[in-house]
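Dumped input_10.cif below, it's mmCIF, C-alpha atoms:
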data_input
loop_
_atom_site.group_PDB
_atom_site.id
_atom_site.type_symbol
_atom_site.label_atom_id
_atom_site.label_comp_id
_atom_site.auth_asym_id
_atom_site.auth_seq_id
_atom_site.Cartn_x
_atom_site.Cartn_y
_atom_site.Cartn_z
ATOM 1 C CA MET A 12 66.557 74.511 25.802
ATOM 2 C CA ARG A 13 66.055 78.248 25.709
ATOM 3 C CA VAL A 14 62.580 79.574 24.982
ATOM 4 C CA LEU A 15 62.868 82.175 22.205
ATOM 5 C CA ALA A 16 59.529 83.852 22.595
ATOM 6 C CA ILE A 17 56.657 84.073 25.009
ATOM 7 C CA ILE A 18 53.679 81.801 24.645
ATOM 8 C CA PHE A 19 51.227 83.012 22.025
ATOM 9 C CA SER A 20 47.545 82.452 22.735
ATOM 10 C CA ILE A 21 45.112 81.280 20.117
ATOM 11 C CA PHE A 22 43.828 84.837 19.906
ATOM 12 C CA CYS A 23 47.030 86.136 18.307
ATOM 13 C CA SER A 24 46.933 87.272 14.696
ATOM 14 C CA PRO A 25 47.323 84.344 12.291
ATOM 15 C CA VAL A 26 50.754 83.740 10.820
ATOM 16 C CA VAL A 27 51.595 83.099 7.195
ATOM 17 C CA ALA A 28 52.801 79.534 7.704
ATOM 18 C CA HIS A 29 50.367 76.620 7.556
ATOM 19 C CA GLU A 30 51.247 73.318 9.160
ATOM 20 C CA PHE A 31 50.327 69.867 7.885
ATOM 21 C CA TRP A 32 49.961 67.115 10.461
ATOM 22 C CA ILE A 33 48.612 63.669 11.271
ATOM 23 C CA GLU A 34 46.025 63.960 14.047
ATOM 24 C CA PRO A 35 45.045 60.677 15.726
ATOM 25 C CA MET A 36 41.424 60.418 16.798
ATOM 26 C CA ALA A 37 42.760 58.494 19.804
ATOM 27 C CA TYR A 38 46.457 58.544 20.618
ATOM 28 C CA GLN A 39 46.208 55.421 22.799
ATOM 29 C CA ILE A 40 44.230 52.324 21.840
ATOM 30 C CA GLY A 41 43.974 48.707 22.865
ATOM 31 C CA ALA A 42 45.843 46.021 20.947
ATOM 32 C CA ASP A 43 42.507 45.002 19.373
ATOM 33 C CA GLY A 44 41.603 48.605 18.415
ATOM 34 C CA LYS A 45 42.158 50.552 15.215
ATOM 35 C CA LEU A 46 44.582 53.283 14.259
ATOM 36 C CA ARG A 47 42.419 56.183 13.112
ATOM 37 C CA ALA A 48 43.764 59.624 12.210
ATOM 38 C CA ASN A 49 43.014 62.624 10.056
ATOM 39 C CA LEU A 50 45.411 64.455 7.772
ATOM 40 C CA VAL A 51 45.048 68.124 8.643
ATOM 41 C CA ASN A 52 46.234 71.323 6.983
ATOM 42 C CA GLY A 53 45.886 74.455 9.079
ATOM 43 C CA GLU A 54 47.280 76.407 11.996
ATOM 44 C CA GLU A 55 47.546 75.918 15.748
ATOM 45 C CA PHE A 56 45.809 72.528 15.812
ATOM 46 C CA ASP A 57 42.859 73.835 13.795
ATOM 47 C CA GLY A 58 42.420 73.084 10.124
ATOM 48 C CA MET A 59 40.819 71.183 7.270
ATOM 49 C CA HIS A 60 40.601 67.398 7.310
ATOM 50 C CA LEU A 61 41.940 65.974 4.065
ATOM 51 C CA ALA A 62 40.825 62.752 2.426
ATOM 52 C CA TYR A 63 42.900 59.706 1.581
ATOM 53 C CA LEU A 64 44.083 60.553 -1.939
ATOM 54 C CA PRO A 65 47.009 58.444 -3.210
ATOM 55 C CA GLN A 66 47.903 61.010 -5.858
ATOM 56 C CA ARG A 67 48.799 63.466 -3.077
ATOM 57 C CA PHE A 68 51.391 61.401 -1.258
ATOM 58 C CA ALA A 69 54.606 59.590 -2.081
ATOM 59 C CA ASN A 70 54.493 57.394 1.046
ATOM 60 C CA PHE A 71 52.027 56.713 3.849
ATOM 61 C CA VAL A 72 53.308 53.983 6.152
ATOM 62 C CA ILE A 73 52.836 52.610 9.692
ATOM 63 C CA PHE A 74 55.855 51.356 11.659
ATOM 64 C CA ASN A 75 55.968 49.199 14.781
ATOM 65 C CA GLY A 76 59.494 48.312 15.805
ATOM 66 C CA GLN A 77 61.171 46.932 12.691
ATOM 67 C CA ASP A 78 57.857 46.012 11.054
ATOM 68 C CA SER A 79 56.011 48.280 8.650
ATOM 69 C CA LYS A 80 52.827 48.342 6.620
ATOM 70 C CA ARG A 81 51.511 50.745 4.014
ATOM 71 C CA VAL A 82 48.357 52.635 4.849
ATOM 72 C CA ASP A 83 45.566 51.286 2.666
ATOM 73 C CA GLY A 84 42.363 53.128 1.987
ATOM 74 C CA ARG A 85 39.830 54.103 -0.601
ATOM 75 C CA PRO A 86 40.188 57.442 -2.380
ATOM 76 C CA GLY A 87 38.085 59.995 -0.538
ATOM 77 C CA ASP A 88 38.158 58.242 2.842
ATOM 78 C CA ILE A 89 38.014 60.467 5.941
ATOM 79 C CA PRO A 90 39.738 59.761 8.252
ATOM 80 C CA ALA A 91 42.609 59.053 5.893
ATOM 81 C CA LEU A 92 44.073 56.470 8.283
ATOM 82 C CA ASP A 93 41.722 53.761 9.495
ATOM 83 C CA GLN A 94 43.242 50.313 9.938
ATOM 84 C CA ALA A 95 44.382 47.743 12.459
ATOM 85 C CA PRO A 96 47.753 48.145 14.190
ATOM 86 C CA ILE A 97 50.640 45.859 13.320
ATOM 87 C CA GLY A 98 50.979 44.587 16.870
ATOM 88 C CA ASP A 99 51.493 45.793 20.412
ATOM 89 C CA GLY A 100 53.637 48.799 21.336
ATOM 90 C CA LEU A 101 54.480 52.245 20.017
ATOM 91 C CA HIS A 102 53.346 52.820 16.424
ATOM 92 C CA ILE A 103 54.650 55.510 14.077
ATOM 93 C CA ALA A 104 52.477 56.794 11.248
ATOM 94 C CA ALA A 105 54.579 58.585 8.616
ATOM 95 C CA TYR A 106 53.318 60.595 5.640
ATOM 96 C CA GLN A 107 55.387 62.061 2.811
ATOM 97 C CA ALA A 108 53.369 64.421 0.628
ATOM 98 C CA ARG A 109 54.079 65.011 -3.026
ATOM 99 C CA ARG A 110 55.568 68.385 -3.903
ATOM 100 C CA ALA A 111 53.277 71.375 -4.274
ATOM 101 C CA THR A 112 53.908 75.003 -5.200
ATOM 102 C CA LEU A 113 52.962 78.395 -3.817
ATOM 103 C CA ARG A 114 53.276 81.700 -5.674
ATOM 104 C CA TYR A 115 54.244 84.926 -3.906
ATOM 105 C CA ASP A 116 53.104 88.192 -5.446
ATOM 106 C CA ASP A 117 55.520 90.231 -3.347
ATOM 107 C CA TRP A 118 58.510 89.779 -1.068
ATOM 108 C CA ALA A 119 56.760 91.018 2.088
ATOM 109 C CA LYS A 120 54.609 87.895 2.479
ATOM 110 C CA PHE A 121 57.602 85.610 1.982
ATOM 111 C CA GLN A 122 59.575 87.658 4.515
ATOM 112 C CA LYS A 123 56.839 87.153 7.132
ATOM 113 C CA PHE A 124 57.150 83.424 6.629
ATOM 114 C CA ILE A 125 60.972 83.595 6.852
ATOM 115 C CA ASP A 126 60.797 85.598 10.073
ATOM 116 C CA HIS A 127 58.197 83.327 11.660
ATOM 117 C CA LYS A 128 60.198 80.174 10.944
ATOM 118 C CA ASP A 129 63.542 81.883 11.705
ATOM 119 C CA LEU A 130 65.100 80.898 8.374
ATOM 120 C CA GLY A 131 67.850 83.509 8.340
ATOM 121 C CA ASP A 132 68.790 86.547 6.259
ATOM 122 C CA VAL A 133 67.369 85.352 2.956
ATOM 123 C CA LEU A 134 66.841 88.587 1.000
ATOM 124 C CA PRO A 135 70.558 89.256 0.264
ATOM 125 C CA VAL A 136 70.883 85.689 -1.044
ATOM 126 C CA HIS A 137 67.723 86.098 -3.105
ATOM 127 C CA ARG A 138 69.094 89.288 -4.666
ATOM 128 C CA ALA A 139 72.557 87.800 -5.229
ATOM 129 C CA ARG A 140 70.903 85.028 -7.241
ATOM 130 C CA GLY A 141 69.279 87.691 -9.423
ATOM 131 C CA LEU A 142 65.761 86.618 -8.525
ATOM 132 C CA PRO A 143 62.652 88.797 -8.798
ATOM 133 C CA GLU A 144 61.082 90.114 -5.592
ATOM 134 C CA GLU A 145 57.604 89.869 -7.075
ATOM 135 C CA ARG A 146 55.699 86.947 -8.573
ATOM 136 C CA PHE A 147 58.069 84.110 -7.675
ATOM 137 C CA THR A 148 57.350 80.509 -6.714
ATOM 138 C CA GLU A 149 58.193 78.285 -3.754
ATOM 139 C CA VAL A 150 57.920 74.499 -3.908
ATOM 140 C CA TYR A 151 57.276 72.691 -0.644
ATOM 141 C CA SER A 152 57.217 69.140 0.705
ATOM 142 C CA ARG A 153 55.633 67.794 3.897
ATOM 143 C CA TYR A 154 57.084 65.057 6.114
ATOM 144 C CA SER A 155 54.695 64.282 8.970
ATOM 145 C CA LYS A 156 54.694 61.678 11.738
ATOM 146 C CA ALA A 157 52.355 60.736 14.583
ATOM 147 C CA LEU A 158 52.959 58.494 17.579
ATOM 148 C CA PHE A 159 50.282 56.032 18.757
ATOM 149 C CA GLY A 160 50.415 54.001 21.954
ATOM 150 C CA VAL A 161 48.981 50.547 21.228
ATOM 151 C CA GLY A 162 48.405 48.124 24.110
ATOM 152 C CA ASP A 163 51.322 48.527 26.515
ATOM 153 C CA ALA A 164 52.697 51.272 24.177
ATOM 154 C CA GLY A 165 56.273 50.094 24.722
ATOM 155 C CA GLY A 166 59.037 50.873 22.268
ATOM 156 C CA SER A 167 60.637 53.951 20.767
ATOM 157 C CA ASP A 168 60.422 56.286 17.817
ATOM 158 C CA ARG A 169 63.104 56.019 15.128
ATOM 159 C CA ARG A 170 64.132 57.433 11.790
ATOM 160 C CA VAL A 171 61.862 56.138 9.040
ATOM 161 C CA GLY A 172 63.655 57.586 6.015
ATOM 162 C CA LEU A 173 62.125 61.039 5.588
ATOM 163 C CA GLU A 174 64.418 63.677 4.066
ATOM 164 C CA THR A 175 63.830 65.913 7.076
ATOM 165 C CA GLU A 176 62.446 64.281 10.184
ATOM 166 C CA LEU A 177 61.669 64.850 13.842
ATOM 167 C CA VAL A 178 62.435 61.828 16.022
ATOM 168 C CA ALA A 179 61.099 61.569 19.566
ATOM 169 C CA LEU A 180 63.824 60.511 21.988
ATOM 170 C CA ASP A 181 61.243 59.781 24.691
ATOM 171 C CA ASN A 182 58.150 57.607 24.594
ATOM 172 C CA PRO A 183 55.287 59.941 25.604
ATOM 173 C CA TYR A 184 53.084 57.042 26.764
ATOM 174 C CA THR A 185 55.527 55.152 28.995
ATOM 175 C CA ASP A 186 58.490 57.356 29.980
ATOM 176 C CA ASP A 187 59.013 59.757 32.865
ATOM 177 C CA LEU A 188 58.734 63.179 31.229
ATOM 178 C CA SER A 189 59.314 65.299 34.332
ATOM 179 C CA ALA A 190 62.610 66.570 32.873
ATOM 180 C CA GLY A 191 60.952 67.476 29.579
ATOM 181 C CA PHE A 192 60.338 65.839 26.221
ATOM 182 C CA ARG A 193 63.196 65.502 23.736
ATOM 183 C CA VAL A 194 63.072 65.502 19.944
ATOM 184 C CA GLN A 195 65.965 65.286 17.507
ATOM 185 C CA LEU A 196 65.803 67.168 14.223
ATOM 186 C CA HIS A 197 67.344 65.559 11.146
ATOM 187 C CA TYR A 198 68.004 66.682 7.591
ATOM 188 C CA ARG A 199 69.291 63.923 5.329
ATOM 189 C CA ASP A 200 72.277 62.381 7.160
ATOM 190 C CA THR A 201 72.954 65.272 9.533
ATOM 191 C CA PHE A 202 71.517 66.750 12.712
ATOM 192 C CA ARG A 203 70.084 70.254 12.449
ATOM 193 C CA SER A 204 71.824 72.120 15.251
ATOM 194 C CA ASN A 205 70.840 75.579 16.528
ATOM 195 C CA GLU A 206 67.579 75.496 14.588
ATOM 196 C CA GLN A 207 64.142 76.672 15.628
ATOM 197 C CA ILE A 208 61.451 74.170 16.504
ATOM 198 C CA GLU A 209 57.887 75.313 17.033
ATOM 199 C CA VAL A 210 55.821 73.493 19.647
ATOM 200 C CA PHE A 211 52.022 73.606 19.724
ATOM 201 C CA GLU A 212 50.373 72.531 22.981
ATOM 202 C CA ARG A 213 46.631 71.817 23.105
ATOM 203 C CA ALA A 214 44.731 71.456 26.359
ATOM 204 C CA ALA A 215 41.605 69.377 26.920
ATOM 205 C CA ASP A 216 39.426 72.498 26.526
ATOM 206 C CA GLY A 217 40.862 73.094 23.039
ATOM 207 C CA SER A 218 43.009 76.103 23.922
ATOM 208 C CA VAL A 219 46.390 76.165 22.195
ATOM 209 C CA ALA A 220 49.711 77.670 23.228
ATOM 210 C CA VAL A 221 52.677 78.065 20.859
ATOM 211 C CA MET A 222 56.281 78.020 22.052
ATOM 212 C CA LEU A 223 59.606 78.378 20.243
ATOM 213 C CA TYR A 224 62.788 76.525 21.146
ATOM 214 C CA ARG A 225 66.191 75.862 19.593
ATOM 215 C CA THR A 226 68.023 72.613 19.049
ATOM 216 C CA ASP A 227 71.457 72.008 20.569
ATOM 217 C CA GLU A 228 74.636 70.899 18.778
ATOM 218 C CA GLN A 229 73.221 67.354 18.463
ATOM 219 C CA GLY A 230 69.980 68.620 16.946
ATOM 220 C CA ILE A 231 68.060 67.944 20.167
ATOM 221 C CA GLY A 232 65.325 70.237 21.400
ATOM 222 C CA THR A 233 63.856 69.762 24.881
ATOM 223 C CA PHE A 234 60.603 71.267 26.127
ATOM 224 C CA PRO A 235 58.234 70.783 29.067
ATOM 225 C CA VAL A 236 55.029 68.804 28.554
ATOM 226 C CA LYS A 237 51.856 68.486 30.609
ATOM 227 C CA PRO A 238 49.635 65.459 31.272
ATOM 228 C CA GLY A 239 46.387 65.480 29.328
ATOM 229 C CA HIS A 240 47.735 67.655 26.498
ATOM 230 C CA ASP A 241 48.326 67.028 22.794
ATOM 231 C CA TYR A 242 51.523 68.228 21.114
ATOM 232 C CA MET A 243 52.662 69.111 17.621
ATOM 233 C CA VAL A 244 56.292 69.923 16.789
ATOM 234 C CA ASP A 245 57.241 71.621 13.532
ATOM 235 C CA ALA A 246 60.514 72.648 11.839
ATOM 236 C CA VAL A 247 61.303 73.912 8.342
ATOM 237 C CA VAL A 248 64.292 73.646 5.995
ATOM 238 C CA LEU A 249 64.688 76.387 3.369
ATOM 239 C CA ARG A 250 66.983 75.662 0.443
ATOM 240 C CA GLU A 251 67.602 76.406 -3.199
ATOM 241 C CA PRO A 252 65.739 73.671 -5.083
ATOM 242 C CA PRO A 253 67.745 71.066 -6.972
ATOM 243 C CA SER A 254 67.961 71.886 -10.667
ATOM 244 C CA GLU A 255 65.532 69.145 -11.690
ATOM 245 C CA VAL A 256 62.945 70.375 -9.180
ATOM 246 C CA ALA A 257 63.397 74.001 -10.260
ATOM 247 C CA GLU A 258 62.961 73.030 -13.908
ATOM 248 C CA ALA A 259 59.871 70.939 -13.201
ATOM 249 C CA THR A 260 58.130 73.500 -10.979
ATOM 250 C CA GLY A 261 59.570 76.919 -11.867
ATOM 251 C CA ALA A 262 60.317 77.409 -8.143
ATOM 252 C CA VAL A 263 63.237 79.503 -6.904
ATOM 253 C CA TRP A 264 63.022 78.335 -3.250
ATOM 254 C CA GLN A 265 62.132 75.003 -1.672
ATOM 255 C CA THR A 266 60.884 74.299 1.847
ATOM 256 C CA LEU A 267 60.840 70.931 3.591
ATOM 257 C CA TRP A 268 58.519 70.670 6.604
ATOM 258 C CA ALA A 269 59.073 68.174 9.417
ATOM 259 C CA ASN A 270 56.138 67.591 11.759
ATOM 260 C CA LEU A 271 55.502 65.297 14.730
ATOM 261 C CA THR A 272 52.340 64.821 16.810
ATOM 262 C CA PHE A 273 51.810 62.924 20.068
ATOM 263 C CA ALA A 274 49.897 63.166 23.330
ATOM 264 C CA VAL A 275 50.848 62.953 26.996
ATOM 265 C CA PRO A 276 48.412 60.840 29.050
ATOM 266 C CA GLU A 277 46.761 62.029 32.228
#

Serialized structure, C-alpha cells:
Amino acid sequence: MRVLAIIFSIFCSPVVAHEFWIEPMAYQIGADGKLRANLVNGEEFDGMHLAYLPQRFANFVIFNGQDSKRVDGRPGDIPALDQAPIGDGLHIAAYQARRATLRYDDWAKFQKFIDHKDLGDVLPVHRARGLPEERFTEVYSRYSKALFGVGDAGGSDRRVGLETELVALDNPYTDDLSAGFRVQLHYRDTFRSNEQIEVFERAADGSVAVMLYRTDEQGIGTFPVKPGHDYMVDAVVLREPPSEVAEATGAVWQTLWANLTFAVPE
C-alpha cells in the first residue's frame, strides 16, 4: 500500500481528531492469566483511562473463536477489562460505545478534522443541504477492538458485528509478518476501498510514529510492522445521520470510528 504522508513524530502539533481505543496492559498472557485492558480516549497512544461504565457502551464483549462472553465489571472499575480468558488462542475484545455529540462553533475546526481523516470535499455538500457553517452538531460512535494472544495465541481475527470494523487478516502473535500486516476495513456489508487508514506505531521507549495508508479495492490496507512495537489502526466513516438519529441528537453529520490495537512480539 502507498504511504500518503511522511511519518509524523510525537512532537508535531496536535490534530483535531481524538481516538478511542482498547489498550491491553499485556498483549500476550498465559492461559491461566487475565485479560486486562484500559479504555483510552486521546491521541497518539496517549490519553485518559476511562472507567467501566455500562451506561456508556452498547456492547463490550470478548471473542475466542466462535465463543464469546460479555465483559463484566463494577461501575467505576479501572482497568475497564479485567477477567479471565475464555480459553487458549487469539482473543478479540470488542467495544461499541453509545452515541455522543460534539458541537462545532465554526466550519474551520470541522474542516481540519475532515482534512486529517481524508473524508472528501464536504463543504459543497454541507452547503447544498442548507446547513449552517457555525454552531452545528456532529454525532459520533466508536467501534474498537483489541487482539490478545492467550497461551499459544493461535487463531484469527474475524468480524464481530460492528457497523464499521477493522479486521486483522494476520495473527500478530503467530504469523510471519515480514511482508507486512494486513487489515480489512468494513462498513456494514461492504468493504471500504480506497479509504485512508491511520496507523500509530509505539516503540518500547514510548515514542510514537503516525503513518497514513490507503485500502485497495478489497478494503485491505497493508503496512510494515516491527518486533517489540504496539500498533493502533484507525479509520472514520462520515455520513448524513439517519433521520431518527438526527431528530434525537440535533446532529447534521455522523462519524463512525473503527479502531484496532495489537502488538508485535520481540

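For the atom pair formed by CA of Asn75 (chain A) and CA of Arg213 (chain A), the distance is 25.8 Å, given to one decimal.
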
Expand the PyMOL selection byres ((chain A and resi 51-64) around 10) into the individual residues it matches in the shown file, reporting them as a VMD selection string.
chain A and resid 20 to 21 25 to 34 48 to 50 65 to 68 71 82 to 93 210 to 213 217 to 221 241 to 243

Please enumerate the residues selected by the PyMOL selection byres ((chain A and resi 265-275) around 6) when evaluated against the supplied file, formatted as an MDAnalysis selection string.
chainID A and resid 149:158 175:176 183 238:252 264 276

What is the distance, in Å and to one decimal place, between CA of Ala104 (chain A) and CA of Thr260 (chain A)?
28.4 Å

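The residue that comes closest to Ile73 (chain A), out of A:Tyr224, A:Tyr38, A:Phe121, A:Phe159 and on the basis of only C-alpha atoms, is A:Phe159.
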
Running the PyMOL selection byres ((chain A and resi 235) around 7) on this model by hand, what would come out? Give it as a list in words.
Gly191, Phe192, Phe234, Val236 and Lys237 of chain A

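Atom pair CA of Asp187 (chain A) / CA of Ala215 (chain A) has a distance of 20.8 Å (rounded to one decimal).
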
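Using all atoms listed in the file, the shortest contact distance between Gln94 (chain A) and any of A:Ala108, A:Leu46, A:Ala37, A:Val161 is found at A:Leu46.
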
Would you compute an axis-aligned box for region 238-255 of chain A, covering every atom listed for it in the file with 6 Å of margin on each side, and report centre and edge lengths in Å to one decimal as lines of an AutoDock Vina configuration file?
center_x = 57.2
center_y = 70.9
center_z = 9.8
size_x = 33.6
size_y = 22.9
size_z = 55.0

Quick one: residues within 7 Å of Val72 (chain A), all atoms listed in the file, excluding same-chain residues fewer than 6 positions away - as a ChimeraX atom specification?
/A:79-82,104-106

Go ahead and write the residues just picked, C-alpha atoms, as an mmCIF file, in the frame of the given file.
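What ended up in again-v1.cif:
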data_model
loop_
_atom_site.group_PDB
_atom_site.id
_atom_site.type_symbol
_atom_site.label_atom_id
_atom_site.label_comp_id
_atom_site.auth_asym_id
_atom_site.auth_seq_id
_atom_site.Cartn_x
_atom_site.Cartn_y
_atom_site.Cartn_z
ATOM 1 C CA SER A 79 56.011 48.280 8.650
ATOM 2 C CA LYS A 80 52.827 48.342 6.620
ATOM 3 C CA ARG A 81 51.511 50.745 4.014
ATOM 4 C CA VAL A 82 48.357 52.635 4.849
ATOM 5 C CA ALA A 104 52.477 56.794 11.248
ATOM 6 C CA ALA A 105 54.579 58.585 8.616
ATOM 7 C CA TYR A 106 53.318 60.595 5.640
#

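Nearest residue to Asp99 (chain A), choosing from A:Asn70, A:Gln39, A:Asn205, A:Ser189 and counting all atoms listed in the file: A:Gln39.
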
Counting only C-alpha atoms, closest pick from A:Ala164, A:Leu142, A:Val171, A:Ala262 relative to Phe74 (chain A) is A:Val171

9 Å contact set for Asp43 (chain A), all atoms listed in the file, chain neighbours under 3 positions out, as a ChimeraX atom specification:
/A:40,95-96,98,161-162

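Between Arg170 (chain A) and the residues A:Asp200, A:Asp132, A:Glu144, A:Glu255, the shortest atom-to-atom distance, using all atoms listed in the file, involves A:Asp200.
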
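In this comparison, which uses only C-alpha atoms, the residue of A:His102, A:Thr233, A:Glu206, A:Ala111 approaching Ala190 (chain A) most closely is A:Thr233.
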